[in-house]
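Containing CSV, C-alpha atoms: data-v5.csv.
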chain,number,residue,atom,x,y,z
A,1,MET,CA,100.0,86.5,102.2
A,2,ARG,CA,97.3,86.9,99.6
A,3,VAL,CA,93.6,86.4,100.3
A,4,ILE,CA,92.3,83.4,98.4
A,5,ALA,CA,88.6,83.6,99.5
A,6,ASN,CA,86.1,85.5,97.5
A,7,VAL,CA,85.7,89.2,98.1
A,8,GLN,CA,82.1,90.5,98.1
A,9,LEU,CA,80.7,94.0,98.4
A,10,LEU,CA,77.3,94.1,100.0
A,11,PRO,CA,75.2,97.2,100.8
A,12,GLY,CA,75.6,98.3,104.3
A,13,GLY,CA,72.5,98.0,106.5
A,14,ASP,CA,71.7,99.3,110.0
A,15,GLU,CA,73.3,96.2,111.5
A,16,HIS,CA,76.6,97.4,110.0
A,17,ARG,CA,76.6,100.9,111.3
A,18,GLU,CA,78.8,100.2,114.4
A,19,PHE,CA,81.1,98.0,112.4
A,20,SER,CA,81.5,100.8,109.8
A,21,TYR,CA,82.5,103.3,112.5
A,22,LEU,CA,84.9,100.8,114.1
A,23,VAL,CA,86.7,100.0,110.9
A,24,LYS,CA,87.1,103.6,110.1
A,25,LYS,CA,88.4,104.4,113.5
A,26,LEU,CA,90.9,101.5,113.4
A,27,ALA,CA,92.1,102.1,109.9
A,28,TYR,CA,92.1,106.0,109.8
A,29,GLY,CA,92.1,106.9,113.5
A,30,ALA,CA,95.8,107.6,113.8
A,31,ALA,CA,96.0,109.6,110.6
A,32,ILE,CA,92.9,111.7,111.6
A,33,ALA,CA,94.3,112.3,115.0
A,34,ALA,CA,97.6,113.5,113.5
A,35,VAL,CA,95.9,116.0,111.4
A,36,TRP,CA,92.9,117.2,113.4
A,37,GLY,CA,93.1,115.4,116.7
A,38,TRP,CA,90.6,112.7,117.6
A,39,ASP,CA,87.3,114.1,119.0
A,40,GLU,CA,85.1,111.0,119.6
A,41,GLN,CA,81.8,113.0,119.6
A,42,ARG,CA,82.7,114.9,116.4
A,43,GLN,CA,83.8,111.7,114.7
A,44,GLN,CA,80.5,110.0,115.7
A,45,GLN,CA,78.6,112.9,114.3
A,46,HIS,CA,80.5,112.8,111.0
A,47,HIS,CA,79.9,109.1,110.7
A,48,ALA,CA,76.2,109.4,111.4
A,49,ARG,CA,75.8,112.2,108.8
A,50,ASP,CA,77.8,110.2,106.2
A,51,TRP,CA,75.8,107.1,107.0
A,52,ASP,CA,72.5,108.8,106.6
A,53,GLU,CA,73.6,110.3,103.3
A,54,VAL,CA,75.0,107.1,101.7
A,55,PRO,CA,75.9,104.1,103.8
A,56,PRO,CA,79.1,102.4,102.7
A,57,HIS,CA,79.2,98.9,101.2
A,58,ILE,CA,80.6,96.3,103.5
A,59,ILE,CA,83.6,94.3,102.2
A,60,HIS,CA,83.2,90.6,103.1
A,61,ILE,CA,85.7,87.8,102.9
A,62,GLY,CA,84.0,84.4,103.2
A,63,GLY,CA,81.0,86.0,104.8
A,64,GLU,CA,83.0,88.0,107.4
A,65,PRO,CA,82.9,91.8,107.3
A,66,VAL,CA,86.5,93.1,106.9
A,67,GLY,CA,86.1,96.7,105.6
A,68,THR,CA,84.0,99.3,104.0
A,69,VAL,CA,83.9,101.4,100.8
A,70,ARG,CA,81.5,104.3,100.2
A,71,ILE,CA,80.6,104.7,96.5
A,72,ARG,CA,78.5,107.6,95.3
A,73,ALA,CA,77.5,107.9,91.7
A,74,ASP,CA,77.5,111.6,90.7
A,75,LYS,CA,77.2,113.2,87.3
A,76,GLY,CA,79.6,111.4,85.1
A,77,TYR,CA,81.8,109.9,87.9
A,78,TYR,CA,82.1,107.7,90.9
A,79,SER,CA,83.2,109.3,94.2
A,80,VAL,CA,84.9,106.8,96.5
A,81,SER,CA,85.5,107.4,100.2
A,82,GLN,CA,85.6,105.5,103.5
A,83,PHE,CA,87.7,102.8,101.8
A,84,CYS,CA,88.9,101.1,104.9
A,85,VAL,CA,90.1,97.5,105.7
A,86,LEU,CA,90.5,96.3,109.3
A,87,PRO,CA,94.2,96.4,110.1
A,88,SER,CA,94.3,92.6,110.7
A,89,TRP,CA,93.1,92.1,107.1
A,90,GLN,CA,95.4,94.7,105.4
A,91,ARG,CA,98.2,93.8,103.0
A,92,ARG,CA,96.4,90.7,101.7
A,93,GLY,CA,95.2,92.1,98.4
A,94,ILE,CA,91.7,93.0,99.5
A,95,GLY,CA,92.0,96.7,98.6
A,96,SER,CA,93.4,95.7,95.2
A,97,ARG,CA,90.5,93.3,94.6
A,98,VAL,CA,87.9,95.8,95.7
A,99,LEU,CA,89.5,98.6,93.5
A,100,GLU,CA,89.5,96.2,90.5
A,101,MET,CA,85.8,95.5,91.0
A,102,LEU,CA,85.0,99.2,91.2
A,103,LEU,CA,87.2,100.2,88.3
A,104,ASN,CA,85.8,97.5,86.1
A,105,GLU,CA,82.3,98.7,86.8
A,106,ALA,CA,83.3,102.3,86.2
A,107,ASP,CA,85.0,101.4,82.9
A,108,GLU,CA,81.9,99.5,81.7
A,109,GLN,CA,79.9,102.7,82.3
A,110,GLY,CA,82.6,105.0,81.0
A,111,LEU,CA,82.8,106.8,84.3
A,112,VAL,CA,85.7,108.7,85.9
A,113,VAL,CA,86.5,107.6,89.5
A,114,ARG,CA,87.5,110.3,92.1
A,115,LEU,CA,88.8,110.0,95.6
A,116,ALA,CA,90.8,112.0,98.2
A,117,CYS,CA,93.5,110.9,100.5
A,118,LEU,CA,95.9,112.3,103.0
A,119,PRO,CA,99.3,112.9,101.6
A,120,ASP,CA,101.0,110.2,103.8
A,121,ASN,CA,98.3,107.6,103.2
A,122,PRO,CA,100.1,104.4,102.1
A,123,ALA,CA,97.1,103.5,99.9
A,124,ARG,CA,98.1,106.3,97.6
A,125,ARG,CA,100.7,104.0,96.0
A,126,LEU,CA,97.9,101.5,95.4
A,127,TYR,CA,95.7,104.1,93.7
A,128,GLU,CA,98.5,105.2,91.5
A,129,ARG,CA,99.3,101.6,90.4
A,130,TYR,CA,95.7,101.5,89.2
A,131,GLY,CA,96.0,104.6,87.1
A,132,PHE,CA,94.9,107.4,89.5
A,133,ARG,CA,96.6,110.7,89.0
A,134,GLN,CA,96.7,113.7,91.3
A,135,VAL,CA,94.4,116.5,89.9
A,136,SER,CA,94.6,118.9,92.8
A,137,SER,CA,95.4,119.3,96.5
A,138,ASP,CA,94.6,121.6,99.4
A,139,ASP,CA,96.1,122.0,102.9
A,140,THR,CA,94.8,118.6,103.9
A,141,PHE,CA,94.0,116.3,101.0
A,142,ILE,CA,95.4,115.1,97.7
A,143,TYR,CA,92.6,114.7,95.1
A,144,LEU,CA,93.0,111.8,92.7
A,145,GLU,CA,91.2,110.8,89.6
A,146,ARG,CA,91.2,107.9,87.2
A,147,GLN,CA,89.8,108.1,83.7
A,148,PRO,CA,87.9,105.2,82.3
A,149,VAL,CA,89.9,102.7,80.3
A,150,TYR,CA,87.0,102.2,77.9
A,151,GLY,CA,83.5,103.3,77.6
A,152,PRO,CA,80.0,101.7,77.3
A,153,ASN,CA,80.1,102.2,73.5
A,154,ASP,CA,83.5,100.7,72.9
A,155,GLU,CA,83.6,97.5,70.9
A,156,THR,CA,86.0,94.8,71.9
A,157,GLU,CA,87.6,92.7,69.2
A,158,ALA,CA,87.0,88.9,69.5

Written as structure tokens, how would this file's structure read?
Amino acid sequence: MRVIANVQLLPGGDEHREFSYLVKKLAYGAAIAAVWGWDEQRQQQHHARDWDEVPPHIIHIGGEPVGTVRIRADKGYYSVSQFCVLPSWQRRGIGSRVLEMLLNEADEQGLVVRLACLPDNPARRLYERYGFRQVSSDDTFIYLERQPVYGPNDETEA
């Protein structure tokens, strides 16, 4: 089933802090537990630190929060993390729509988009469909990158 309702990204506010943690726990909890074990206190600390640094945007469908995506603009690229959708909303095209929105914005600015994922993350196939390629890896993560399709100075023929 595909989502027909409008997908919106809205800046996360303090009222979204608990939701942001919950969606991360539900979407990534099993994968995190498989790699590091789940330590609730440690995960709460990581979440608080990340939130204080850059709160994620909240993904809304028809006004209902259904996920998060953290976008940081660094020198010449976007860094994407905490890209989570509640399990009950997954496989409805939400991740694809959000990714399209982010990539269109990055393309307009001529920016590379970077992210990391666990090797077994099913979303990796989604990222690769949108042009992400593996640029490196370590013992835990695969690092992916997507070059801009066009830049801010490109002219489009009418």

Report, in Å to a single decimal, how far apart CA of Ser137 (chain A) and CA of Arg97 (chain A) are. 26.5 Å

Do you know which residues are at most 12 Å from Val98 (chain A) counting all atoms listed in the file, after dropping those on the same chain fewer than 6 positions away, and could you put them as number ranges by chain? A: 3, 6-10, 57-61, 66-71, 80, 83-85, 92, 104-105, 126-127, 130

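Our summary of the geometry notes that CA of Gly76 (chain A) is positioned 28.2 Å from CA of Tyr28 (chain A).
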
In Å, how far is it from CA of Trp38 (chain A) to CA of Tyr143 (chain A)? 22.7 Å

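Taking all atoms listed in the file, the non-local environment of region 13-15 of chain A within 12 Å (same-chain residues fewer than 2 positions away omitted) comprises Leu10, Pro11, Arg17, Glu18, Phe19, Ser20, Tyr21, Ala48, Trp51, Asp52, Val54, Pro55, Pro56, His57, Ile58, Pro65 and Thr68 of chain A.
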
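The residue set within 10 Å of Phe141 (chain A), counting all atoms listed in the file and dropping same-chain residues fewer than 5 places from it, reads A:Leu115, A:Ala116, A:Cys117, A:Leu118, A:Pro119, A:Asp120, A:Asn121, A:Ser136.
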
Atoms to include: C-alpha atoms. Write the selected residues as a PDB file, in the frame of the given file.
ATOM      1  CA  LEU A 115      88.800 110.000  95.600  1.00  0.00           C
ATOM      2  CA  ALA A 116      90.800 112.000  98.200  1.00  0.00           C
ATOM      3  CA  CYS A 117      93.500 110.900 100.500  1.00  0.00           C
ATOM      4  CA  LEU A 118      95.900 112.300 103.000  1.00  0.00           C
ATOM      5  CA  PRO A 119      99.300 112.900 101.600  1.00  0.00           C
ATOM      6  CA  ASP A 120     101.000 110.200 103.800  1.00  0.00           C
ATOM      7  CA  ASN A 121      98.300 107.600 103.200  1.00  0.00           C
ATOM      8  CA  SER A 136      94.600 118.900  92.800  1.00  0.00           C
TER       9      SER A 136
END

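With distances taken over all atoms listed in the file, A:Thr140 is the one residue among A:Gly131, A:Asp107, A:Pro87, A:Thr140 lying closest to Ala34 (chain A).
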